[in-house]
Structures are given as structure tokens and as C-alpha cells.
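Worksheet: one structure, shown below.
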Amino acid sequence: MDAWDTAGEFPRALYRRAAELGLLGLGYPEEYGGTPASYALRLPLWRALSRHGASGGVLASLLSHNIGLPPVVAYGSDAVRAEVIPPVLAGEAIAALAITEPGGGSDVARLATTARRDGDDYVVSGEKVFITSGLRADWITTAVRTGEPGARGSGGISMLLIPGSSPGLSRSALAKMGWLCSDTTHLRFDEVRVPARYLLGEEGQGFRIIMGNFNAERFGLAASALGFAEACFDEALAWARQRRTFGAALVEHQVIRHKLADMQMRIQSTAAWCEAIAARADAGDTGPEWVAQVCLLKNHATQTMQFCADQAVQILGGMGFMRGTVSERIYREVKVMMIGGGAEEIMKDLAARQLGW
């Protein structure tokens with residue numbers, strides 16, 4: 001991990017290895033090389049990859065197809081699905097999602113990237129920013145505005161699958177606080193021509209597609225945050241047992257045991273909530289109240305991660321401030337987890353509206 005963080009990327013061969021293990025295909029149709037899986041099965045995968053991989057950068061890029069592919073699965077034509085999905089699940093191609101723009105993030109209805117129809121193509125102009133896997137992506141599921149020029153609101157938004165090899169597409173890497181081995185990118189579309197067959201769903205259907213996609217992403221973020229919190233606890237407990245101060249192991253001091261207990265309280269409550277949300281989804285209960293619960297869970301899980309990272313760094317003391325420790329890396333990655341997929345403030349307001357408050 002230290003070498004990958006220093007390099008700013010992890011080996012592309014990791015995608016193929018993950019595919020061989022069945023990790024990339026979990027939750028996707030068998031006909032495209034996937035393995036259908038319930039939320040209850042995907043939860044422990046995301047949790048374990050986070051707890052034992054201890055890198056949000058690897059997880060974000062390695063699994064970026066989990067936010068880039070679902071719209072293709074649900075709304076792409078048979079031909080497009082057959083062209084795009086199998087190579088991604090085999091680790092031979094990389095999929096990304098591009099929604100956020102320099103002029104706005106959570107306010108999706110204000111996006112300004114345009115796609116005008118010109119014969120059998122769409123011509124795309126605009127910019128996207130903070131795009132995970134943007135540098136290496138072979139397929140970019142992109143939110144565009146196909147309505148009247150200069151229009152605002154959700155009605156004119158569509159989803160377009162853009163090949164990464166398209167002329168007129170330029171990419172530049174962004175320097176970040178954390179997720180150092182994940183390529184995070186600024187994309188620029190300069191009259192990029194995209195075959196109309198890559199339209200996902202119908203024109204104007206994009207906002208609904210985006211909102212539905214967000215729910216699964218937020219659950220995945222919550223499950224990952226839980227795993228990262230556990231990674232911090234694991235390192236803090238191991239250090240507390242090993243490190244001796246004033247003639248005793250750290251863990252023998254009451255103040256340290258209390259910190260560890262506080263971490264476990266939050267970890268266990270987050271785990272129980274994740275499992276309850278997964279069970280409801282698998283039972284088909286994904287209405288407004290479930291959406292609200294996912295929003296609140298995402299906040300709770302990332303706050304748990306934040307608390308555990310902070311306490312772990314404190315327990316490690318000077319070592320917690322050093323590169324090479326799990327807790328130091330996760331401490332730097334907390335904020336992107338609290339912002340990505342919907343910032344805390346947006347999550348609270350969305351939950352309230354879903355609950356009719």
C-alpha cells in the first residue's frame with residue numbers, strides 16, 4: 001500500500017486478479033460473467049475488503065464499476081450490455097461514473113454538461129470533476145443535459161455512456177488529501193461525438209437513474225466505512241497490547257480501554273444497522289423510508305469511521321502521525337467518505353424529506 005500510495009496508482013493487473021476471485025462480478029447477471037448476490041452477501045465483501053485492505057484508494061478505483069455499470073445493466077440495450085459489461089467484470093476494462101461538475105456537486109439538477117443530437121451521434125461539451133478512475137476508465141457513464149440549451153432542472157438530464165477513447169476527451173489528475181493510489185480526475189469534453197446507441201434509457205430519464213444509483217452507492221460507502229473503522233480498532237488494539245508505558249501495556253490503562261470500548265460501541269451499532277438495511281433491501285422493501293434509512297446510515301457509518309480513526313491515531317501517539325500506519329491513512333480518507341455520494345448535510349435533508357418531515 002505504501003508503494004502504491006507513493007506511485008499514485010495501483011497495478012492495473014489487480015483488476016484481473018479481483019475478477020479471477022469473483023470480486024468484480026458479485027451482484028451482476030451470470031450471462032455477463034457475474035454472480036447474482038444479495039445485499040446481505042455484498043455487505044461482508046465490502047466490509048472485509050475495507051477492514052483488511054485498509055485503503056479507500058484501492059477500494060474506490062477497483063470497484064468504481066459498481067457505480068458506473070448499474071445504469072448500463074438496467075438501461076443499456078442488449079447490444080451495449082454485451083459489449084461493455086463482460087470485459088469490465090473480467091478485469092479487462094474499467095468503468096467509471098461522471099456526474100459532479102466544477103460548478104456543483106450535490107445539486108445534480110444544475111449540471112451544465114450538454115449533449116446535443118447530431119444525426120446518429122450526440123456531441124458532448126462540458127466538464128466533470130472528482131471522477132474516480134477517470135484517468136484509466138474505458139467507459140464513463142456520464143450525466144449530460146439533453147434539454148433546451150441553457151435549461152436548468154432535472155427534466156432535461158440524460159445518461160450517456162462515453163467510450164474513454166473518444167477524440168475530444170481530455171483528462172487531468174487531481175492531487176488529494178487521501179485516496180492517494182486512486183486516480184481522481186478532471187474530465188473535459190470538447191465536442192466529443194458519442195454514438196446515440198450509448199444513450200442509457202430515454203432522454204430526460206437521467207435524474208431518476210442517478211437517484212436510484214445513489215442508494216446502492218451510499219450503502220456501499222456505509223459498509224466500507226464500517227470496515228475502515230474496524231481496521232482502525234484492530235491496529236489500535238494491537239498497539240495497545242504491545243506498547244508499554246509507565247511499566248504496563250497501554251491496554252492496562254483504564255483510559256485506553258475506555259477508548260477501545262467507545263470504538264466498539266459505534267462499530268457494533270453500525271454493523272447492526274447495515275445488516276438491517278441489507279435485509280430490508282433483500283426483502284424488496286426499498287421505498288422512501290428505506291432510502292431515508294440509507295442516508296442516515298451513511299452518515300452514522302462515516303461518523304463511526306471518523307471517531308475510530310481519531311481515537312486510533314490518539315492511541316498510537318506519535319506513530320499514529322507517521323505514514324505507513326493504517327490509522328494515519330484512514331484518518332486522511334475520512335472526509336472524502338463523509339462527502340462522497342452525498343455530503344452529511346444533504347443526507348440529513350434528503351432523509352427528512354423522504355420521511356415527510
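Each chain in the C-alpha cells gets a letter, A, B and so on, in the order shown; residues start at 1 in every chain, and ligands are counted from 1 in the order they appear.
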Determine, counting only C-alpha atoms, which protein, DNA and RNA residues have an atom within 10 Å of an atom of A:Val73; residues of the same chain fewer than 6 positions away are not included. Present the result as a ChimeraX atom specification. /A:28-29,32,80-82,84-85,200
Just write the chosen residues, N, CA, C and O atoms, as a PDB file, in the first residue's frame.
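File produced: part_30.pdb:
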ATOM      1  N   TYR A  28     -23.807  -9.113 -10.248  1.00  0.00           N
ATOM      2  CA  TYR A  28     -24.133  -8.886 -11.660  1.00  0.00           C
ATOM      3  C   TYR A  28     -24.659 -10.173 -12.301  1.00  0.00           C
ATOM      4  O   TYR A  28     -24.379 -11.272 -11.828  1.00  0.00           O
ATOM      5  N   PRO A  29     -25.410 -10.055 -13.409  1.00  0.00           N
ATOM      6  CA  PRO A  29     -26.013 -11.237 -14.047  1.00  0.00           C
ATOM      7  C   PRO A  29     -24.977 -12.237 -14.543  1.00  0.00           C
ATOM      8  O   PRO A  29     -23.908 -11.863 -15.039  1.00  0.00           O
ATOM      9  N   TYR A  32     -23.370 -12.186 -18.132  1.00  0.00           N
ATOM     10  CA  TYR A  32     -22.280 -11.264 -18.453  1.00  0.00           C
ATOM     11  C   TYR A  32     -21.006 -11.590 -17.667  1.00  0.00           C
ATOM     12  O   TYR A  32     -20.061 -10.802 -17.672  1.00  0.00           O
ATOM     13  N   VAL A  80     -25.368  -3.122 -26.223  1.00  0.00           N
ATOM     14  CA  VAL A  80     -24.439  -2.329 -25.416  1.00  0.00           C
ATOM     15  C   VAL A  80     -24.036  -3.100 -24.163  1.00  0.00           C
ATOM     16  O   VAL A  80     -22.863  -3.114 -23.775  1.00  0.00           O
ATOM     17  N   ARG A  81     -24.988  -3.760 -23.520  1.00  0.00           N
ATOM     18  CA  ARG A  81     -24.656  -4.562 -22.334  1.00  0.00           C
ATOM     19  C   ARG A  81     -23.655  -5.658 -22.687  1.00  0.00           C
ATOM     20  O   ARG A  81     -22.688  -5.892 -21.957  1.00  0.00           O
ATOM     21  N   ALA A  82     -23.883  -6.319 -23.811  1.00  0.00           N
ATOM     22  CA  ALA A  82     -22.981  -7.400 -24.223  1.00  0.00           C
ATOM     23  C   ALA A  82     -21.597  -6.868 -24.573  1.00  0.00           C
ATOM     24  O   ALA A  82     -20.585  -7.556 -24.369  1.00  0.00           O
ATOM     25  N   VAL A  84     -20.137  -4.028 -23.265  1.00  0.00           N
ATOM     26  CA  VAL A  84     -19.469  -3.291 -22.187  1.00  0.00           C
ATOM     27  C   VAL A  84     -19.249  -4.128 -20.932  1.00  0.00           C
ATOM     28  O   VAL A  84     -18.155  -4.122 -20.346  1.00  0.00           O
ATOM     29  N   ILE A  85     -20.272  -4.836 -20.477  1.00  0.00           N
ATOM     30  CA  ILE A  85     -20.217  -5.448 -19.141  1.00  0.00           C
ATOM     31  C   ILE A  85     -19.205  -6.583 -19.010  1.00  0.00           C
ATOM     32  O   ILE A  85     -18.412  -6.596 -18.055  1.00  0.00           O
ATOM     33  N   LEU A 200     -28.394   5.736 -22.328  1.00  0.00           N
ATOM     34  CA  LEU A 200     -28.931   4.773 -21.364  1.00  0.00           C
ATOM     35  C   LEU A 200     -30.344   5.194 -20.984  1.00  0.00           C
ATOM     36  O   LEU A 200     -30.552   6.279 -20.419  1.00  0.00           O
TER      37      LEU A 200
END
Could you pull the residues within 7 Å of stretch 119-126 of chain A, counting only C-alpha atoms, minus those fewer than 5 positions along the same chain, as a VMD selection string? chain A and resid 112 to 114 188 to 196
Expected answer as a ChimeraX atom specification: strand (DSSP E or B) residues in stretch 143-308 of chain A: /A:143-145,157-163,169-173,184-195,199-200,244-245,248-249
Using 7 Å as the limit and counting only C-alpha atoms, can you tabulate each residue of stretch 150-252 of chain A that touches stretch 130-135 of chain A, with its shortest atom-to-atom distance in Å and the two atoms involved, as CSV?
residue,atom,partner,partner_atom,distance
A:Arg171,CA,A:Leu135,CA,6.1
A:Ala173,CA,A:Leu135,CA,6.9
A:Ser182,CA,A:Ser133,CA,6.8
A:Asp183,CA,A:Ser133,CA,5.3
A:Thr184,CA,A:Thr132,CA,4.7
A:Thr185,CA,A:Ile131,CA,4.9
A:His186,CA,A:Phe130,CA,6.2
Would you mind listing what lies within 9 Å of A:Ile209 as a list in words, with only C-alpha atoms counted and same-chain residues fewer than 4 positions away left out? Pro71, Tyr75, Ser158, Met159, Gly201, Gln205, Asn213 and Phe214 of chain A
Would you list the contacts of A:Leu260 as a list of chain:residue names, taking every protein, DNA or RNA residue within 12 Å and counting only C-alpha atoms, but skipping same-chain residues closer than 6 positions in sequence?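 These residues fall inside the cut-off: A:Ala229, A:Glu230, A:Cys232, A:Phe233, A:Asp234, A:Glu235, A:Ala236, A:Leu237, A:Ala238, A:Trp239, A:Ala240, A:Arg241, A:Leu250, A:Val251, A:Glu252, A:His253, A:Gln254, A:Arg266, A:Ile267, A:Phe307, A:Cys308, A:Ala309, A:Asp310, A:Gln311, A:Ala312, A:Val313, A:Gln314, A:Ile315.
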Stretch 332-345 of chain A surroundings by only C-alpha atoms, 10 Å radius, close-in-sequence under 5 positions cut, as an MDAnalysis selection string: chainID A and resid 55:57 105:107 130 176:180 213:222 224:225 228:229 295:296 298:307 309:310 327 350
Would you work out the distance separating atom CA of A:Glu328 from atom CA of A:Met265, expressed in Å to one decimal?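 Between atom CA of A:Glu328 and atom CA of A:Met265 the gap is 21.5 Å.
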For atom CA of A:Arg145 and atom CA of A:Ile157, quote the distance in Å rounded to one decimal.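 Taking atom CA of A:Arg145 and atom CA of A:Ile157, their separation equals 4.5 Å.
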Among stretch 227-284 of chain A, which ones does DSSP place in alpha helix (DSSP H), written as a VMD selection string? chain A and resid 227 to 242 254 to 282
Hey, which of A:Glu289, A:Glu20, A:Asp282, A:Glu127 ends up closest to A:Ala351? Count only C-alpha atoms.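 Result for the nearest residue to A:Ala351: A:Glu289.
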Nearest residue to A:Glu9 out of A:Met263, A:Ile99, A:Cys181, A:Val88, using only C-alpha atoms?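 Using only C-alpha atoms, A:Glu9 sits closest to A:Cys181.
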